[in-house]
file run_31.txt (compact mmCIF, C-alpha atoms)
# COMPACT_ATOMS: atom_id res chain seq x y z
CA MET A 1 79.46 131.48 85.17
CA ARG A 2 81.27 134.44 83.60
CA SER A 3 84.46 135.11 81.69
CA VAL A 4 87.16 137.14 83.46
CA SER A 5 90.71 138.20 82.76
CA VAL A 6 93.28 135.83 84.23
CA LEU A 7 94.96 138.86 85.81
CA GLU A 8 91.80 139.45 87.86
CA ALA A 9 91.01 135.81 88.68
CA GLN A 10 92.71 135.46 92.07
CA GLY A 11 90.34 133.75 94.53
CA MET A 12 87.85 132.79 91.86
CA VAL A 13 86.67 129.23 91.11
CA LEU A 14 87.25 127.62 87.72
CA CYS A 15 84.18 126.33 85.89
CA HIS A 16 86.15 124.05 83.55
CA ASP A 17 89.29 121.94 83.31
CA ILE A 18 92.40 123.53 81.79
CA THR A 19 94.66 121.16 79.87
CA ARG A 20 98.46 121.24 79.67
CA ILE A 21 100.05 119.70 76.55
CA VAL A 22 103.73 118.74 76.65
CA PRO A 23 105.02 117.78 73.17
CA GLY A 24 106.44 114.28 73.12
CA GLU A 25 105.01 113.47 76.55
CA GLY A 26 101.27 113.86 76.32
CA LYS A 27 98.57 115.96 77.85
CA GLY A 28 96.73 116.18 81.12
CA PRO A 29 94.87 118.56 83.40
CA ALA A 30 96.87 121.53 84.63
CA PHE A 31 93.90 122.76 86.66
CA ARG A 32 90.65 121.00 87.45
CA LYS A 33 87.15 122.38 87.44
CA GLY A 34 86.50 123.76 90.90
CA HIS A 35 90.10 124.90 91.45
CA VAL A 36 90.46 128.20 93.35
CA VAL A 37 92.89 130.42 91.44
CA THR A 38 95.90 131.73 93.39
CA ASP A 39 98.53 134.39 92.61
CA GLU A 40 101.00 131.63 91.72
CA ASP A 41 98.55 130.18 89.17
CA ILE A 42 98.32 133.35 87.07
CA PRO A 43 101.72 133.10 85.26
CA VAL A 44 101.07 129.38 84.69
CA LEU A 45 97.72 130.14 83.09
CA LEU A 46 99.27 132.80 80.87
CA ARG A 47 101.99 130.38 79.72
CA LEU A 48 99.18 127.97 78.81
CA GLY A 49 97.74 130.68 76.56
CA LYS A 50 94.81 131.47 78.84
CA GLU A 51 94.20 135.21 79.03
CA HIS A 52 90.57 134.72 80.01
CA ILE A 53 88.93 131.92 81.95
CA HIS A 54 85.39 131.05 82.97
CA VAL A 55 84.75 131.25 86.70
CA TRP A 56 81.85 130.53 88.95
CA GLU A 57 79.75 133.53 89.78
CA PRO A 58 78.14 133.07 93.20
CA VAL A 59 74.37 132.83 93.07
CA GLU A 60 72.03 133.26 96.00
CA ASN A 61 71.11 129.90 97.61
CA ALA A 62 73.65 128.05 95.44
CA VAL A 63 76.33 125.87 97.06
CA HIS A 64 79.74 125.08 95.57
CA GLU A 65 80.32 121.41 94.70
CA ASP A 66 82.90 120.83 97.45
CA GLU A 67 80.67 122.24 100.17
CA ALA A 68 77.69 120.38 98.74
CA ALA A 69 79.54 117.05 98.71
CA LEU A 70 80.58 117.55 102.33
CA ALA A 71 76.98 118.30 103.31
CA ILE A 72 75.72 115.16 101.57
CA ALA A 73 78.46 113.02 103.14
CA ALA A 74 77.58 114.34 106.59
CA ALA A 75 73.94 113.38 106.03
CA LEU A 76 74.91 109.87 104.89
CA ALA A 77 77.52 108.94 107.49
CA GLY A 78 76.66 106.80 110.49
CA GLU A 79 78.74 105.20 113.21
CA GLY A 80 82.16 103.88 112.31
CA VAL A 81 82.42 106.09 109.20
CA ARG A 82 84.96 108.84 108.50
CA ILE A 83 84.22 111.73 106.13
CA GLY A 84 87.08 112.61 103.77
CA ARG A 85 88.16 115.90 102.26
CA PRO A 86 86.77 117.12 98.93
CA CYS A 87 88.74 116.12 95.85
CA GLU A 88 87.55 117.35 92.48
CA GLY A 89 84.06 117.83 93.89
CA ARG A 90 83.80 114.38 95.45
CA VAL A 91 83.89 113.34 99.10
CA ASP A 92 84.59 109.74 100.11
CA LEU A 93 83.33 107.93 103.19
CA THR A 94 85.78 105.41 104.65
CA ALA A 95 85.62 102.84 107.43
CA ASP A 96 86.91 104.18 110.74
CA ARG A 97 87.19 100.68 112.25
CA PRO A 98 86.85 97.02 111.29
CA GLY A 99 83.27 95.85 111.17
CA LEU A 100 80.23 95.10 109.06
CA LEU A 101 79.28 97.58 106.36
CA VAL A 102 75.57 98.36 106.49
CA VAL A 103 73.89 100.30 103.68
CA ASP A 104 70.27 101.43 103.80
CA LYS A 105 69.36 100.76 100.17
CA ASP A 106 65.94 102.39 100.32
CA ALA A 107 67.35 105.58 101.84
CA LEU A 108 70.17 105.55 99.27
CA ARG A 109 67.63 105.27 96.45
CA ARG A 110 65.65 108.20 97.84
CA CYS A 111 68.77 110.36 98.17
CA ASN A 112 69.88 109.57 94.61
CA SER A 113 66.39 110.48 93.40
CA VAL A 114 67.13 114.10 94.33
CA GLU A 115 68.10 115.75 91.06
CA GLU A 116 71.82 116.55 90.60
CA VAL A 117 72.81 114.44 93.64
CA THR A 118 74.97 111.35 93.01
CA ILE A 119 75.98 108.81 95.67
CA ALA A 120 77.64 105.44 95.07
CA THR A 121 78.33 102.77 97.70
CA LEU A 122 79.76 99.30 98.01
CA HIS A 123 77.39 96.42 98.61
CA GLY A 124 76.42 96.14 102.26
CA ASP A 125 76.65 93.24 104.71
CA ILE A 126 80.35 92.64 104.12
CA ALA A 127 83.29 92.77 106.51
CA VAL A 128 85.44 95.84 105.92
CA PRO A 129 88.84 96.87 107.32
CA PRO A 130 89.71 100.36 108.59
CA GLY A 131 90.39 102.77 105.75
CA LYS A 132 88.21 100.95 103.22
CA VAL A 133 86.38 103.36 100.91
CA LEU A 134 82.67 102.66 101.40
CA ALA A 135 80.93 105.37 99.42
CA GLY A 136 81.43 108.53 97.41
CA ALA A 137 79.20 111.60 97.15
CA ARG A 138 79.12 114.57 94.80
CA VAL A 139 76.77 116.81 92.84
CA VAL A 140 76.67 117.08 89.06
CA PRO A 141 77.04 120.85 88.51
CA LEU A 142 79.75 123.11 89.91
CA ALA A 143 77.12 124.70 92.11
CA VAL A 144 73.81 123.27 93.25
CA ALA A 145 70.69 124.77 94.75
CA ARG A 146 70.69 124.51 98.52
CA ASP A 147 67.23 122.96 98.56
CA ARG A 148 68.72 119.83 96.94
CA LEU A 149 70.92 119.34 100.00
CA ASP A 150 67.99 120.05 102.29
CA ARG A 151 66.03 117.24 100.63
CA VAL A 152 68.88 114.77 101.17
CA ALA A 153 69.14 115.82 104.81
CA ALA A 154 65.38 115.39 105.20
CA VAL A 155 65.62 111.78 103.95
CA THR A 156 68.32 110.79 106.43
CA ALA A 157 66.62 112.69 109.24
CA GLU A 158 63.72 110.30 108.68
CA THR A 159 65.62 107.08 107.95
CA GLY A 160 68.84 107.48 109.87
CA PRO A 161 72.31 107.12 108.33
CA VAL A 162 72.73 105.53 104.91
CA VAL A 163 76.21 104.12 105.51
CA SER A 164 77.43 102.66 108.82
CA VAL A 165 80.06 100.23 110.07
CA LEU A 166 78.85 98.05 112.92
CA PRO A 167 81.60 96.79 115.23
CA PHE A 168 82.21 93.06 115.48
CA ARG A 169 81.64 91.44 118.86
CA ALA A 170 84.62 89.46 120.10
CA LEU A 171 82.87 86.16 120.82
CA ARG A 172 84.12 82.96 122.40
CA VAL A 173 83.44 80.31 119.77
CA GLY A 174 83.12 76.61 120.48
CA VAL A 175 83.55 74.11 117.65
CA VAL A 176 81.99 70.65 117.52
CA THR A 177 83.45 68.45 114.79
CA THR A 178 81.42 65.33 114.07
CA GLY A 179 82.46 62.27 112.11
CA SER A 180 83.71 58.85 113.08
CA GLU A 181 86.52 59.04 110.53
CA VAL A 182 87.99 62.10 112.28
CA TYR A 183 87.16 60.89 115.78
CA HIS A 184 89.01 57.60 115.25
CA GLY A 185 91.94 59.32 113.54
CA ARG A 186 91.42 57.78 110.12
CA ILE A 187 91.70 61.23 108.56
CA ALA A 188 93.08 64.47 109.96
CA ASP A 189 90.78 67.30 110.94
CA ARG A 190 91.10 70.15 108.47
CA PHE A 191 88.20 72.28 109.66
CA GLY A 192 89.69 73.47 112.95
CA PRO A 193 92.62 75.48 111.50
CA VAL A 194 90.38 77.11 108.90
CA LEU A 195 87.82 78.21 111.48
CA ARG A 196 90.47 79.51 113.85
CA ARG A 197 91.85 81.68 111.07
CA LYS A 198 88.49 82.90 109.83
CA PHE A 199 87.13 83.78 113.27
CA SER A 200 90.41 85.44 114.25
CA GLU A 201 90.24 87.68 111.17
CA LEU A 202 86.83 88.84 112.39
CA GLY A 203 88.03 89.53 115.93
CA SER A 204 86.67 86.40 117.64
CA ALA A 205 88.46 83.29 118.90
CA VAL A 206 87.84 79.55 118.86
CA THR A 207 88.26 78.68 122.53
CA ARG A 208 87.81 74.91 122.21
CA GLN A 209 87.20 72.31 119.55
CA ILE A 210 85.67 68.97 120.52
CA ILE A 211 85.78 66.07 118.05
CA VAL A 212 83.03 63.49 118.43
CA SER A 213 81.77 60.44 116.57
CA ASP A 214 78.42 60.27 114.78
CA ASP A 215 76.61 59.73 118.05
CA LEU A 216 73.75 61.89 119.27
CA ASP A 217 74.69 61.69 122.96
CA MET A 218 78.29 62.65 122.18
CA ILE A 219 77.20 65.63 120.08
CA VAL A 220 74.76 66.84 122.74
CA GLY A 221 77.41 66.34 125.42
CA ALA A 222 79.99 68.36 123.46
CA MET A 223 77.56 71.24 122.87
CA THR A 224 76.50 71.21 126.53
CA ARG A 225 80.13 71.30 127.65
CA LEU A 226 81.03 74.19 125.38
CA LEU A 227 77.97 76.21 126.44
CA GLY A 228 78.81 75.49 130.08
CA GLU A 229 82.32 76.83 129.50
CA GLY A 230 80.89 80.12 128.26
CA ALA A 231 80.85 79.68 124.50
CA GLU A 232 78.93 82.59 122.95
CA MET A 233 78.67 80.96 119.54
CA LEU A 234 78.84 77.37 118.32
CA ALA A 235 80.09 76.08 114.97
CA VAL A 236 79.26 72.50 114.00
CA THR A 237 81.28 70.83 111.25
CA GLY A 238 80.82 67.46 109.58
CA GLY A 239 77.60 65.52 109.17
CA MET A 240 75.82 68.27 107.22
CA SER A 241 73.81 66.19 104.76
CA VAL A 242 70.54 66.25 102.88
CA ASP A 243 68.90 64.16 105.59
CA ALA A 244 66.43 66.29 107.54
CA ASP A 245 67.00 64.00 110.55
CA ASP A 246 70.75 64.64 110.58
CA LEU A 247 72.19 64.42 114.13
CA SER A 248 73.31 68.05 114.32
CA PRO A 249 69.84 69.67 114.20
CA THR A 250 68.47 66.84 116.35
CA ALA A 251 71.09 67.61 118.99
CA ILE A 252 70.25 71.31 118.86
CA ARG A 253 66.56 70.65 119.32
CA SER A 254 67.31 68.38 122.28
CA LEU A 255 69.00 71.39 123.93
CA GLY A 256 65.87 73.49 123.41
CA GLY A 257 67.28 75.27 120.38
CA ASP A 258 65.39 76.59 117.36
CA ILE A 259 66.43 75.72 113.80
CA VAL A 260 66.17 78.84 111.65
CA THR A 261 67.09 77.11 108.42
CA TYR A 262 68.68 73.92 107.20
CA GLY A 263 69.82 74.75 103.69
CA ALA A 264 70.74 78.01 101.97
CA PRO A 265 70.32 79.09 98.32
CA THR A 266 74.07 79.59 97.87
CA PHE A 267 76.62 77.61 95.90
CA PRO A 268 78.94 76.91 97.67
CA GLY A 269 77.13 76.55 100.98
CA ALA A 270 73.80 74.90 100.22
CA MET A 271 74.01 72.59 103.25
CA PHE A 272 74.37 75.44 105.74
CA MET A 273 72.41 75.34 108.99
CA LEU A 274 71.54 78.22 111.28
CA ALA A 275 70.03 77.79 114.73
CA TYR A 276 69.86 79.51 118.11
CA VAL A 277 70.09 77.97 121.55
CA GLY A 278 68.64 80.81 123.54
CA GLU A 279 70.73 83.79 122.45
CA VAL A 280 73.66 81.67 121.31
CA PRO A 281 73.92 81.37 117.51
CA VAL A 282 74.81 77.95 116.11
CA VAL A 283 76.11 77.60 112.55
CA GLY A 284 76.31 74.23 110.83
CA LEU A 285 79.10 74.57 108.28
CA PRO A 286 79.34 72.38 105.17
CA GLY A 287 82.68 71.16 103.88
CA CYS A 288 82.97 73.91 101.27
CA VAL A 289 84.01 76.34 104.03
CA MET A 290 87.30 74.44 104.25
CA TYR A 291 88.40 74.90 100.68
CA HIS A 292 86.47 77.80 99.12
CA GLU A 293 87.92 81.27 99.58
CA ALA A 294 84.37 82.64 99.85
CA SER A 295 81.38 80.63 101.00
CA ILE A 296 78.22 80.81 103.09
CA PHE A 297 80.45 81.45 106.13
CA ASP A 298 81.48 84.83 104.71
CA LEU A 299 77.89 85.80 103.90
CA THR A 300 76.45 85.04 107.33
CA VAL A 301 79.02 84.91 110.13
CA PRO A 302 80.15 88.58 109.85
CA ARG A 303 76.51 89.66 110.21
CA ILE A 304 76.05 87.45 113.25
CA LEU A 305 79.24 88.80 114.86
CA ALA A 306 77.95 92.35 114.27
CA GLY A 307 74.96 91.52 116.46
CA LYS A 308 72.34 90.76 113.82
CA ARG A 309 69.91 87.92 114.53
CA LEU A 310 69.37 86.38 111.13
CA THR A 311 66.02 84.98 110.04
CA ARG A 312 65.07 82.50 107.37
CA ALA A 313 64.01 85.44 105.21
CA ASP A 314 67.57 86.80 105.42
CA ILE A 315 68.93 83.48 104.18
CA VAL A 316 66.35 83.25 101.39
CA GLU A 317 67.46 86.67 100.13
CA LEU A 318 70.94 85.27 99.46
CA GLY A 319 69.64 83.34 96.45
CA TYR A 320 69.92 86.36 94.16
CA GLY A 321 73.69 86.54 93.71
CA GLY A 322 74.19 83.31 95.63
CA LEU A 323 76.02 81.57 92.79
CA CYS A 324 79.80 81.87 93.06
CA GLY A 325 81.40 82.60 89.68
CA LYS A 326 84.48 80.50 90.54
CA CYS A 327 86.84 83.16 89.26
CA PRO A 328 90.42 81.98 88.61
CA GLN A 329 91.50 84.39 91.35
CA CYS A 330 88.92 85.05 94.06
CA ARG A 331 88.01 88.75 94.42
CA PHE A 332 85.43 88.42 97.19
CA PRO A 333 83.94 90.66 98.50
CA ASP A 334 84.64 92.77 95.42
CA CYS A 335 82.31 90.61 93.31
CA GLY A 336 78.65 89.66 93.02
CA PHE A 337 78.67 86.61 95.28
CA GLY A 338 75.96 86.94 97.90
CA ARG A 339 75.03 90.45 96.79
CA HIS A 340 71.34 91.21 96.54
call {"tool": "encode", "arguments": {"input": "run_31.txt", "output": "structure tokens"}}
result
Amino acid sequence: MRSVSVLEAQGMVLCHDITRIVPGEGKGPAFRKGHVVTDEDIPVLLRLGKEHIHVWEPVENAVHEDEAALAIAAALAGEGVRIGRPCEGRVDLTADRPGLLVVDKDALRRCNSVEEVTIATLHGDIAVPPGKVLAGARVVPLAVARDRLDRVAAVTAETGPVVSVLPFRALRVGVVTTGSEVYHGRIADRFGPVLRRKFSELGSAVTRQIIVSDDLDMIVGAMTRLLGEGAEMLAVTGGMSVDADDLSPTAIRSLGGDIVTYGAPTFPGAMFMLAYVGEVPVVGLPGCVMYHEASIFDLTVPRILAGKRLTRADIVELGYGGLCGKCPQCRFPDCGFGRH
């Protein structure tokens, strides 16, 4: 950088913040580092007592922070992501549609290992709405060597995008509610309304709910009927217990399905079941889904609706961060629950 007269600074880029102090009111930035000086700025700077300022002196193969942040953002962004405009040297990436945020953590680590490059993201594998800020990118100095940007671009050329938003599939969901107490009307079903709301928020719809007693033939019959009507996903509620011979997994096996896991290292949600009948995912949902703002449903179902086929290893990974903090006011997904 170099010092120049304010009178000659038009078109030059500030290398430092310039503070304005208003007696009785406080102080704050009049101009930010990186600001391009205009004709209108010159009398303002003089009134602030600035006759000389430090400006950026272009250097060969050096890139200004705004241009650098845009280049990094372009290398990071995948499908469903919008690149913002530079603001004080930073560029934000936002969701361009509702969907599942996916972050390549290994690629992110490699990009942040490039000296003077800084990138921060949200945790991945969460549902995000359009306009949600997903990540921010900037460089540390006012100008950075171009080879730093080339190294970031080389990482993502190898790995693919770092930040993407996968669209949710709009699936037809069939619900099987088991339990003699509900079937005989001794208690009202509370699961159906909750699931209709939760699936609707993710762009899918519960097309039918069948309530059955604790009877294997009835459960199998209900699942068969829903699959025959075109259900693309099944949710089973009630009867999720510690018994490995519980009727729900037995019914799924009788249909030729595969149980991925019965149990998840999450609290709430330990009695979760995941299975597949062919390509149709089946989730066995414990009672906590009814009354917890965030549960195993929110850690798994968005990923399934985004087209991911979950494995037992995926469920095992949920253990780190799988303990809900039971905050007085739920902040999920802006918290550590299910983050790993």
call {"tool": "atom_distance", "arguments": {"input": "run_31.txt", "atom1": "atom CA of A:Glu67", "atom2": "atom CA of A:Gly136"}}
result
14.0 Å
call {"tool": "residues_near_point", "arguments": {"input": "run_31.txt", "point": "(86.6, 126.2, 87.0)", "cutoff": "9 Å", "atoms": "only C-alpha atoms", "output": "mmCIF file with C-alpha atoms, in the frame of the given file"}}
result
data_model
loop_
_atom_site.group_PDB
_atom_site.id
_atom_site.type_symbol
_atom_site.label_atom_id
_atom_site.label_comp_id
_atom_site.auth_asym_id
_atom_site.auth_seq_id
_atom_site.Cartn_x
_atom_site.Cartn_y
_atom_site.Cartn_z
ATOM 1 C CA MET A 12 87.850 132.790 91.860
ATOM 2 C CA VAL A 13 86.670 129.230 91.110
ATOM 3 C CA LEU A 14 87.250 127.620 87.720
ATOM 4 C CA CYS A 15 84.180 126.330 85.890
ATOM 5 C CA HIS A 16 86.150 124.050 83.550
ATOM 6 C CA ASP A 17 89.290 121.940 83.310
ATOM 7 C CA ILE A 18 92.400 123.530 81.790
ATOM 8 C CA PHE A 31 93.900 122.760 86.660
ATOM 9 C CA ARG A 32 90.650 121.000 87.450
ATOM 10 C CA LYS A 33 87.150 122.380 87.440
ATOM 11 C CA GLY A 34 86.500 123.760 90.900
ATOM 12 C CA HIS A 35 90.100 124.900 91.450
ATOM 13 C CA VAL A 36 90.460 128.200 93.350
ATOM 14 C CA VAL A 37 92.890 130.420 91.440
ATOM 15 C CA ILE A 53 88.930 131.920 81.950
ATOM 16 C CA HIS A 54 85.390 131.050 82.970
ATOM 17 C CA VAL A 55 84.750 131.250 86.700
ATOM 18 C CA TRP A 56 81.850 130.530 88.950
ATOM 19 C CA LEU A 142 79.750 123.110 89.910
#
call {"tool": "atom_distance", "arguments": {"input": "run_31.txt", "atom1": "atom CA of A:Cys330", "atom2": "atom CA of A:Val102"}}
result
22.6 Å
call {"tool": "residues_near_point", "arguments": {"input": "run_31.txt", "point": "(77.7, 118.7, 94.7)", "cutoff": "9 Å", "atoms": "all atoms listed in the file", "output": "PyMOL selection string"}}
result
chain A and resi 63-72+89-90+116-118+137-144+149
call {"tool": "residues_around", "arguments": {"input": "run_31.txt", "residues": "stretch 77-81 of chain A", "least_positions_apart": "6", "cutoff": "6 Å", "atoms": "all atoms listed in the file", "output": "number ranges by chain"}}
result
A: 94-97, 161, 163-165
call {"tool": "closest_residue", "arguments": {"input": "run_31.txt", "among": "A:Arg197, A:Ala127, A:Leu76, A:Pro286", "to": "A:Thr178", "atoms": "only C-alpha atoms"}}
result
A:Pro286
call {"tool": "residues_around", "arguments": {"input": "run_31.txt", "residues": "stretch 306-318 of chain A", "least_positions_apart": "6", "cutoff": "7 Å", "atoms": "only C-alpha atoms", "output": "ChimeraX atom specification"}}
result
/A:100,166-169,260-261,264-266,338,340
call {"tool": "write_last_selection", "arguments": {"input": "run_31.txt", "atoms": "C-alpha atoms", "output": "PDB file, in the frame of the given file"}}
result
ATOM      1  CA  LEU A 100      80.230  95.100 109.060  1.00  0.00           C
ATOM      2  CA  LEU A 166      78.850  98.050 112.920  1.00  0.00           C
ATOM      3  CA  PRO A 167      81.600  96.790 115.230  1.00  0.00           C
ATOM      4  CA  PHE A 168      82.210  93.060 115.480  1.00  0.00           C
ATOM      5  CA  ARG A 169      81.640  91.440 118.860  1.00  0.00           C
ATOM      6  CA  VAL A 260      66.170  78.840 111.650  1.00  0.00           C
ATOM      7  CA  THR A 261      67.090  77.110 108.420  1.00  0.00           C
ATOM      8  CA  ALA A 264      70.740  78.010 101.970  1.00  0.00           C
ATOM      9  CA  PRO A 265      70.320  79.090  98.320  1.00  0.00           C
ATOM     10  CA  THR A 266      74.070  79.590  97.870  1.00  0.00           C
ATOM     11  CA  GLY A 338      75.960  86.940  97.900  1.00  0.00           C
ATOM     12  CA  HIS A 340      71.340  91.210  96.540  1.00  0.00           C
TER      13      HIS A 340
END
call {"tool": "atom_distance", "arguments": {"input": "run_31.txt", "atom1": "atom CA of A:Glu51", "atom2": "atom CA of A:Val4"}}
result
8.5 Å
call {"tool": "residues_around", "arguments": {"input": "run_31.txt", "residues": "stretch 42-50 of chain A", "least_positions_apart": "3", "cutoff": "7 Å", "atoms": "only C-alpha atoms", "output": "list in words"}}
result
Val6, Leu7, Arg20, Thr38, Asp39 and Ile53 of chain A
call {"tool": "write_last_selection", "arguments": {"input": "run_31.txt", "atoms": "C-alpha atoms", "output": "mmCIF file, in the coordinates of the input"}}
result
data_model
loop_
_atom_site.group_PDB
_atom_site.id
_atom_site.type_symbol
_atom_site.label_atom_id
_atom_site.label_comp_id
_atom_site.auth_asym_id
_atom_site.auth_seq_id
_atom_site.Cartn_x
_atom_site.Cartn_y
_atom_site.Cartn_z
ATOM 1 C CA VAL A 6 93.280 135.830 84.230
ATOM 2 C CA LEU A 7 94.960 138.860 85.810
ATOM 3 C CA ARG A 20 98.460 121.240 79.670
ATOM 4 C CA THR A 38 95.900 131.730 93.390
ATOM 5 C CA ASP A 39 98.530 134.390 92.610
ATOM 6 C CA ILE A 53 88.930 131.920 81.950
#
call {"tool": "closest_atom_pairs", "arguments": {"input": "run_31.txt", "of": "stretch 130-186 of chain A", "to": "stretch 199-219 of chain A", "cutoff": "9 Å", "atoms": "all atoms listed in the file", "output": "Markdown table"}}
result
| residue | atom | partner | partner_atom | distance |
| --- | --- | --- | --- | --- |
| A:Phe168 | CA | A:Gly203 | CA | 6.8 |
| A:Arg169 | CA | A:Ser204 | CA | 7.2 |
| A:Ala170 | CA | A:Ser204 | CA | 4.4 |
| A:Leu171 | CA | A:Ser204 | CA | 5.0 |
| A:Arg172 | CA | A:Ala205 | CA | 5.6 |
| A:Val173 | CA | A:Val206 | CA | 4.6 |
| A:Gly174 | CA | A:Arg208 | CA | 5.3 |
| A:Val175 | CA | A:Gln209 | CA | 4.5 |
| A:Val176 | CA | A:Ile210 | CA | 5.0 |
| A:Thr177 | CA | A:Ile211 | CA | 4.7 |
| A:Thr178 | CA | A:Val212 | CA | 5.0 |
| A:Gly179 | CA | A:Ser213 | CA | 4.9 |
| A:Ser180 | CA | A:Ser213 | CA | 4.3 |
| A:Glu181 | CA | A:Ser213 | CA | 7.8 |
| A:Val182 | CA | A:Ile211 | CA | 7.3 |
| A:Tyr183 | CA | A:Ser213 | CA | 5.5 |
| A:His184 | CA | A:Ser213 | CA | 7.9 |
call {"tool": "closest_residue", "arguments": {"input": "run_31.txt", "among": "A:Leu195, A:Leu299, A:Ala74, A:Leu234", "to": "A:His123", "atoms": "only C-alpha atoms"}}
result
A:Leu299
call {"tool": "closest_residue", "arguments": {"input": "run_31.txt", "among": "A:Val91, A:Val194, A:Val280, A:Met271", "to": "A:Leu227", "atoms": "only C-alpha atoms"}}
result
A:Val280
call {"tool": "closest_residue", "arguments": {"input": "run_31.txt", "among": "A:Met1, A:Met273, A:Val22, A:Ala62", "to": "A:Phe297", "atoms": "all atoms listed in the file"}}
result
A:Met273
call {"tool": "decode", "arguments": {"input": "run_31.txt", "residues": "stretch 98-114 of chain A", "atoms": "N, CA and C atoms", "output": "compact mmCIF listing (two decimals), in the first residue's frame"}}
result
# COMPACT_ATOMS: atom_id res chain seq x y z
N PRO A 98 -35.68 -24.56 -1.75
CA PRO A 98 -35.73 -25.43 -0.56
C PRO A 98 -35.06 -26.76 -0.85
N GLY A 99 -34.44 -27.33 0.13
CA GLY A 99 -33.78 -28.61 -0.09
C GLY A 99 -32.85 -28.97 1.05
N LEU A 100 -32.00 -29.94 0.79
CA LEU A 100 -31.06 -30.44 1.78
C LEU A 100 -29.69 -29.82 1.53
N LEU A 101 -29.17 -29.15 2.55
CA LEU A 101 -27.82 -28.60 2.46
C LEU A 101 -26.80 -29.73 2.56
N VAL A 102 -25.90 -29.77 1.59
CA VAL A 102 -24.83 -30.77 1.58
C VAL A 102 -23.50 -30.04 1.56
N VAL A 103 -22.63 -30.36 2.50
CA VAL A 103 -21.31 -29.75 2.59
C VAL A 103 -20.25 -30.84 2.53
N ASP A 104 -19.32 -30.70 1.61
CA ASP A 104 -18.20 -31.64 1.51
C ASP A 104 -17.14 -31.19 2.52
N LYS A 105 -17.13 -31.82 3.68
CA LYS A 105 -16.25 -31.37 4.77
C LYS A 105 -14.78 -31.53 4.42
N ASP A 106 -14.42 -32.61 3.75
CA ASP A 106 -13.02 -32.82 3.40
C ASP A 106 -12.54 -31.76 2.41
N ALA A 107 -13.38 -31.46 1.41
CA ALA A 107 -13.00 -30.43 0.45
C ALA A 107 -12.93 -29.07 1.13
N LEU A 108 -13.85 -28.80 2.05
CA LEU A 108 -13.83 -27.53 2.79
C LEU A 108 -12.54 -27.40 3.58
N ARG A 109 -12.13 -28.49 4.24
CA ARG A 109 -10.89 -28.47 5.02
C ARG A 109 -9.69 -28.17 4.11
N ARG A 110 -9.66 -28.78 2.95
CA ARG A 110 -8.55 -28.56 2.02
C ARG A 110 -8.53 -27.11 1.52
N CYS A 111 -9.70 -26.56 1.24
CA CYS A 111 -9.75 -25.17 0.77
C CYS A 111 -9.30 -24.21 1.87
N ASN A 112 -9.73 -24.46 3.11
CA ASN A 112 -9.32 -23.58 4.21
C ASN A 112 -7.86 -23.76 4.59
N SER A 113 -7.24 -24.82 4.12
CA SER A 113 -5.81 -25.03 4.37
C SER A 113 -4.95 -24.16 3.47
N VAL A 114 -5.56 -23.57 2.43
CA VAL A 114 -4.82 -22.63 1.58
C VAL A 114 -4.63 -21.34 2.37
